[in-house]
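Peer 1: Have a look at this one.
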Amino acid sequence: MNSSMIVTEPLPTRVWDTIGWNGRETLGDMAHAYLYAQRTADDRIALGGRGFPYRYGSATDNDGRTQPATIEALRDLLVRLFPTTAGTRVAHAWSGVLGVPRDWCATVTLDRSTGLGWAGGYVGSGVATTNLAARTLRDLIQQDSGQSGPTELTALPWVNHRVRRWEPEPFRWLGVHGMYAAYRAADRRERTSPRPGTDPIAKIADRVAGRG
């Protein structure tokens, strides 16, 4: 799947005085088609989201160029969060890909017959998860070689977790794009609904995604 980001030009002090964000905390919203953002060291706002979620046949870009519609959509999210950035220029935009298991769950596996281990399926949370995965693999290898017994890490549910395969095309393409269309529709309904809680459309999309 694809993920995209934009970063603004450096914002002047008067804009930051309006926004605040003096601690430079990383933030995200609780939407189903979520976003994430950070105030950078040189006083820009970097903001990312799903954009164009998936290319047919799990194809990937080689040049990283971001579609203009995705840039505009991310810019709209930026201005919705921070109205004082309405006249701010987007200085850079880029896109990348991430591997997503069918159930959106990461896996750490050691094949004792070959001695090969692997970890993956971080679905965009790899910065912290790779560290934990490496320590889990270490414990599995030491356990297999008799250097140690089971540990808290080797008992985690992601150890030797098995994931079913994705559906074949074109069902995969239709499912992913339909899922994100449903999530965006649920976000719009939740923003205008007087009742709190998860919109039923999002619950259906969760089941399609394998999260339900």
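To be explicit about the labels: the chains of the structure tokens are called A, B, and onward in the order shown, and within each one the residues are counted from 1, while ligands get numbers from 1 in the order they are shown.
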Any idea what's packed within 12 Å of Val15 (chain A), counting only C-alpha atoms, ignoring anything in its chain fewer than 4 positions away? Could you give it as a PyMOL selection string?

Peer 2: chain A and resi 10-11+19-22+43-45+82-88

Peer 1: Keeping only N, CA and C atoms, take the residues you just selected and write them out as a PDB file, in the first residue's frame.

Peer 2:
ATOM      1  N   PRO A  10       9.025  26.852   5.726  1.00  0.00           N
ATOM      2  CA  PRO A  10       9.131  27.272   7.136  1.00  0.00           C
ATOM      3  C   PRO A  10       8.083  28.331   7.464  1.00  0.00           C
ATOM      4  N   LEU A  11       7.399  28.150   8.581  1.00  0.00           N
ATOM      5  CA  LEU A  11       6.331  29.062   8.973  1.00  0.00           C
ATOM      6  C   LEU A  11       6.888  30.192   9.827  1.00  0.00           C
ATOM      7  N   ILE A  19      -0.673  29.014  16.311  1.00  0.00           N
ATOM      8  CA  ILE A  19      -0.831  27.561  16.412  1.00  0.00           C
ATOM      9  C   ILE A  19      -0.408  27.041  17.778  1.00  0.00           C
ATOM     10  N   GLY A  20       0.705  27.539  18.307  1.00  0.00           N
ATOM     11  CA  GLY A  20       1.293  26.958  19.511  1.00  0.00           C
ATOM     12  C   GLY A  20       2.225  25.835  19.128  1.00  0.00           C
ATOM     13  N   TRP A  21       2.003  24.636  19.698  1.00  0.00           N
ATOM     14  CA  TRP A  21       2.768  23.431  19.359  1.00  0.00           C
ATOM     15  C   TRP A  21       4.246  23.609  19.713  1.00  0.00           C
ATOM     16  N   ASN A  22       4.495  24.249  20.859  1.00  0.00           N
ATOM     17  CA  ASN A  22       5.862  24.566  21.246  1.00  0.00           C
ATOM     18  C   ASN A  22       6.680  23.330  21.607  1.00  0.00           C
ATOM     19  N   ASP A  43      10.985  24.420  11.684  1.00  0.00           N
ATOM     20  CA  ASP A  43       9.691  25.104  11.797  1.00  0.00           C
ATOM     21  C   ASP A  43       8.803  24.975  10.570  1.00  0.00           C
ATOM     22  N   ARG A  44       8.795  23.813   9.998  1.00  0.00           N
ATOM     23  CA  ARG A  44       7.812  23.435   8.986  1.00  0.00           C
ATOM     24  C   ARG A  44       6.787  22.505   9.635  1.00  0.00           C
ATOM     25  N   ILE A  45       5.704  22.232   8.920  1.00  0.00           N
ATOM     26  CA  ILE A  45       4.792  21.174   9.320  1.00  0.00           C
ATOM     27  C   ILE A  45       4.894  20.057   8.288  1.00  0.00           C
ATOM     28  N   PHE A  82      -5.125  23.441  10.919  1.00  0.00           N
ATOM     29  CA  PHE A  82      -4.465  24.699  11.259  1.00  0.00           C
ATOM     30  C   PHE A  82      -4.893  25.773  10.254  1.00  0.00           C
ATOM     31  N   PRO A  83      -6.029  26.433  10.477  1.00  0.00           N
ATOM     32  CA  PRO A  83      -6.551  27.396   9.498  1.00  0.00           C
ATOM     33  C   PRO A  83      -5.573  28.514   9.142  1.00  0.00           C
ATOM     34  N   THR A  84      -4.667  28.872  10.050  1.00  0.00           N
ATOM     35  CA  THR A  84      -3.729  29.960   9.749  1.00  0.00           C
ATOM     36  C   THR A  84      -2.682  29.564   8.712  1.00  0.00           C
ATOM     37  N   THR A  85      -2.654  28.295   8.290  1.00  0.00           N
ATOM     38  CA  THR A  85      -1.719  27.876   7.241  1.00  0.00           C
ATOM     39  C   THR A  85      -2.339  27.970   5.849  1.00  0.00           C
ATOM     40  N   ALA A  86      -3.496  28.595   5.734  1.00  0.00           N
ATOM     41  CA  ALA A  86      -4.219  28.619   4.453  1.00  0.00           C
ATOM     42  C   ALA A  86      -3.388  29.194   3.316  1.00  0.00           C
ATOM     43  N   GLY A  87      -2.541  30.163   3.595  1.00  0.00           N
ATOM     44  CA  GLY A  87      -1.731  30.752   2.532  1.00  0.00           C
ATOM     45  C   GLY A  87      -0.332  30.196   2.442  1.00  0.00           C
ATOM     46  N   THR A  88      -0.067  29.098   3.140  1.00  0.00           N
ATOM     47  CA  THR A  88       1.276  28.525   3.201  1.00  0.00           C
ATOM     48  C   THR A  88       1.549  27.640   1.989  1.00  0.00           C
TER      49      THR A  88
END

Peer 1: Using only C-alpha atoms, determine which residues lie at most 8 Å from Ile71 (chain A), disregarding the query and same-chain residues fewer than 3 positions distant; provide the list as a list of chain:residue names.

Peer 2: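 Residues meeting the cut-off are A:Met5, A:Ile6, A:Gly51, A:Thr66, A:Gln67, A:Pro68, A:Leu74, A:Arg75, A:Ala93.
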
Peer 1: Using only C-alpha atoms, find the one residue out of A:Arg55, A:His177, A:Arg24, A:Arg207 that sits nearest to Arg102 (chain A).

Peer 2: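 Under the stated criterion, the closest residue is A:Arg207.
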
Peer 1: Within 12 Å of Val208 (chain A), counting only C-alpha atoms, which residues show up once you throw out same-chain ones fewer than 2 positions away? Write them as number ranges by chain, please.

Peer 2: A: 102-104, 166-167, 171-172, 174-180, 182-183, 201-206, 210-212

Peer 1: Hey, which of A:Val163, A:Leu153, A:Val97, A:Val127 ends up closest to Leu140 (chain A)? Count only C-alpha atoms.

Peer 2: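 Of A:Val163, A:Leu153, A:Val97, A:Val127, the one nearest Leu140 (chain A) is A:Leu153, counting only C-alpha atoms.
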
Peer 1: At what distance in Å, to one decimal, does CA of Leu47 (chain A) lie from CA of Leu35 (chain A)?

Peer 2: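 Separating CA of Leu35 (chain A) from CA of Leu47 (chain A) is a distance of 7.0 Å.
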
Peer 1: Of the candidates A:Thr129, A:Thr26, A:Asn2, A:Thr13, which shows the shortest atom-to-atom distance to Tyr54 (chain A), using only C-alpha atoms?

Peer 2: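 The shortest atom-to-atom distance to Tyr54 (chain A) comes from A:Asn2.
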
Peer 1: Using DSSP on the backbone coordinates, identify all residues within region 9-89 of chain A classified as strand (DSSP E or B); present the result as a ChimeraX atom specification.

Peer 2: /A:27-28,35-39,45-49

Peer 1: Output C-alpha atoms of each residue in that selection to a file, as a JSON list (two decimals), in the first residue's frame.

Peer 2:
[["chain", "number", "residue", "atom", "x", "y", "z"],
["A", 27, "LEU", "CA", 0.33, 14.12, 16.51],
["A", 28, "GLY", "CA", -2.37, 12.24, 14.66],
["A", 35, "LEU", "CA", -3.25, 11.49, 9.28],
["A", 36, "TYR", "CA", -0.06, 12.15, 11.23],
["A", 37, "ALA", "CA", 1.99, 15.33, 11.57],
["A", 38, "GLN", "CA", 5.00, 16.89, 13.23],
["A", 39, "ARG", "CA", 6.57, 20.32, 13.66],
["A", 45, "ILE", "CA", 4.79, 21.17, 9.32],
["A", 46, "ALA", "CA", 5.24, 17.66, 7.90],
["A", 47, "LEU", "CA", 1.91, 15.90, 7.41],
["A", 48, "GLY", "CA", 1.18, 12.46, 6.00],
["A", 49, "GLY", "CA", -1.77, 10.26, 5.13]]

Peer 1: Taking only C-alpha atoms into account, name the residue in A:Met1, A:Ala33, A:Asp17, A:Gly121 that is nearest to Ala181 (chain A).

Peer 2: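 Under the stated criterion, the closest residue is A:Ala33.
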
Peer 1: Using only C-alpha atoms, pick whichever of A:Thr109, A:Gln143, A:Asn131, A:Ser95 has the shortest atom-to-atom distance to Ser3 (chain A).

Peer 2: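 Closest to Ser3 (chain A), using only C-alpha atoms: A:Ser95.
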
Peer 1: Do you have the CA of Asp139 (chain A)-CA of His161 (chain A) distance handy?

Peer 2: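 Distance reported for this atom pair: 16.1 Å.
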
Peer 1: Please run DSSP on the backbone and report, as a list in words, all residues within region 151-195 of chain A that come out as helix (DSSP H, G or I).

Peer 2: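 Here are the helix (DSSP H, G or I) residues of region 151-195 of chain A: Phe171, Arg172, Trp173, Leu174, Gly175, Val176, His177, Gly178, Met179, Tyr180, Ala181, Ala182, Tyr183, Arg184, Ala185, Ala186, Asp187, Arg188, Arg189, Glu190, Arg191 and Thr192 of chain A.
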
Peer 1: Atoms to include: N, CA, C and O atoms. Write the selected residues as an mmCIF file, in the first residue's frame.

Peer 2:
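Contents of again_20.cif, freshly written:
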data_model
loop_
_atom_site.group_PDB
_atom_site.id
_atom_site.type_symbol
_atom_site.label_atom_id
_atom_site.label_comp_id
_atom_site.auth_asym_id
_atom_site.auth_seq_id
_atom_site.Cartn_x
_atom_site.Cartn_y
_atom_site.Cartn_z
ATOM 1 N N PHE A 171 -10.120 -8.327 -7.245
ATOM 2 C CA PHE A 171 -10.836 -8.182 -5.981
ATOM 3 C C PHE A 171 -10.010 -7.415 -4.942
ATOM 4 O O PHE A 171 -10.543 -6.690 -4.110
ATOM 5 N N ARG A 172 -8.689 -7.588 -4.994
ATOM 6 C CA ARG A 172 -7.829 -6.882 -4.048
ATOM 7 C C ARG A 172 -7.906 -5.365 -4.276
ATOM 8 O O ARG A 172 -8.064 -4.597 -3.340
ATOM 9 N N TRP A 173 -7.794 -4.962 -5.550
ATOM 10 C CA TRP A 173 -7.857 -3.528 -5.876
ATOM 11 C C TRP A 173 -9.221 -2.960 -5.488
ATOM 12 O O TRP A 173 -9.295 -1.886 -4.860
ATOM 13 N N LEU A 174 -10.288 -3.657 -5.840
ATOM 14 C CA LEU A 174 -11.633 -3.183 -5.510
ATOM 15 C C LEU A 174 -11.833 -3.110 -3.998
ATOM 16 O O LEU A 174 -12.428 -2.158 -3.478
ATOM 17 N N GLY A 175 -11.320 -4.101 -3.288
ATOM 18 C CA GLY A 175 -11.496 -4.118 -1.843
ATOM 19 C C GLY A 175 -10.773 -2.978 -1.149
ATOM 20 O O GLY A 175 -11.344 -2.310 -0.279
ATOM 21 N N VAL A 176 -9.511 -2.743 -1.518
ATOM 22 C CA VAL A 176 -8.735 -1.684 -0.863
ATOM 23 C C VAL A 176 -9.332 -0.311 -1.151
ATOM 24 O O VAL A 176 -9.524 0.509 -0.245
ATOM 25 N N HIS A 177 -9.639 -0.028 -2.418
ATOM 26 C CA HIS A 177 -10.188 1.290 -2.753
ATOM 27 C C HIS A 177 -11.597 1.462 -2.194
ATOM 28 O O HIS A 177 -11.960 2.558 -1.746
ATOM 29 N N GLY A 178 -12.385 0.389 -2.203
ATOM 30 C CA GLY A 178 -13.703 0.475 -1.590
ATOM 31 C C GLY A 178 -13.618 0.697 -0.093
ATOM 32 O O GLY A 178 -14.399 1.468 0.488
ATOM 33 N N MET A 179 -12.633 0.049 0.542
ATOM 34 C CA MET A 179 -12.445 0.195 1.980
ATOM 35 C C MET A 179 -12.128 1.646 2.351
ATOM 36 O O MET A 179 -12.725 2.216 3.271
ATOM 37 N N TYR A 180 -11.205 2.273 1.608
ATOM 38 C CA TYR A 180 -10.839 3.648 1.955
ATOM 39 C C TYR A 180 -11.922 4.643 1.563
ATOM 40 O O TYR A 180 -12.083 5.681 2.227
ATOM 41 N N ALA A 181 -12.680 4.359 0.522
ATOM 42 C CA ALA A 181 -13.836 5.204 0.216
ATOM 43 C C ALA A 181 -14.846 5.148 1.362
ATOM 44 O O ALA A 181 -15.430 6.168 1.757
ATOM 45 N N ALA A 182 -15.031 3.947 1.918
ATOM 46 C CA ALA A 182 -15.952 3.793 3.051
ATOM 47 C C ALA A 182 -15.426 4.523 4.285
ATOM 48 O O ALA A 182 -16.191 5.186 5.004
ATOM 49 N N TYR A 183 -14.118 4.420 4.551
ATOM 50 C CA TYR A 183 -13.556 5.112 5.710
ATOM 51 C C TYR A 183 -13.713 6.627 5.594
ATOM 52 O O TYR A 183 -14.043 7.311 6.560
ATOM 53 N N ARG A 184 -13.479 7.159 4.394
ATOM 54 C CA ARG A 184 -13.619 8.608 4.220
ATOM 55 C C ARG A 184 -15.075 9.034 4.375
ATOM 56 O O ARG A 184 -15.367 10.093 4.945
ATOM 57 N N ALA A 185 -15.996 8.211 3.875
ATOM 58 C CA ALA A 185 -17.417 8.515 4.046
ATOM 59 C C ALA A 185 -17.793 8.473 5.527
ATOM 60 O O ALA A 185 -18.540 9.339 6.024
ATOM 61 N N ALA A 186 -17.270 7.495 6.267
ATOM 62 C CA ALA A 186 -17.551 7.406 7.698
ATOM 63 C C ALA A 186 -16.996 8.622 8.442
ATOM 64 O O ALA A 186 -17.644 9.153 9.357
ATOM 65 N N ASP A 187 -15.800 9.074 8.054
ATOM 66 C CA ASP A 187 -15.226 10.268 8.687
ATOM 67 C C ASP A 187 -16.110 11.490 8.466
ATOM 68 O O ASP A 187 -16.337 12.286 9.385
ATOM 69 N N ARG A 188 -16.616 11.652 7.232
ATOM 70 C CA ARG A 188 -17.495 12.796 6.947
ATOM 71 C C ARG A 188 -18.767 12.716 7.782
ATOM 72 O O ARG A 188 -19.223 13.729 8.336
ATOM 73 N N ARG A 189 -19.344 11.537 7.899
ATOM 74 C CA ARG A 189 -20.579 11.369 8.666
ATOM 75 C C ARG A 189 -20.333 11.612 10.158
ATOM 76 O O ARG A 189 -21.160 12.227 10.834
ATOM 77 N N GLU A 190 -19.213 11.140 10.669
ATOM 78 C CA GLU A 190 -18.927 11.315 12.092
ATOM 79 C C GLU A 190 -18.671 12.780 12.445
ATOM 80 O O GLU A 190 -18.973 13.216 13.557
ATOM 81 N N ARG A 191 -18.078 13.545 11.492
ATOM 82 C CA ARG A 191 -17.828 14.971 11.761
ATOM 83 C C ARG A 191 -19.122 15.762 11.896
ATOM 84 O O ARG A 191 -19.169 16.774 12.592
ATOM 85 N N THR A 192 -20.177 15.315 11.225
ATOM 86 C CA THR A 192 -21.430 16.073 11.230
ATOM 87 C C THR A 192 -22.516 15.431 12.088
ATOM 88 O O THR A 192 -23.580 16.022 12.277
#
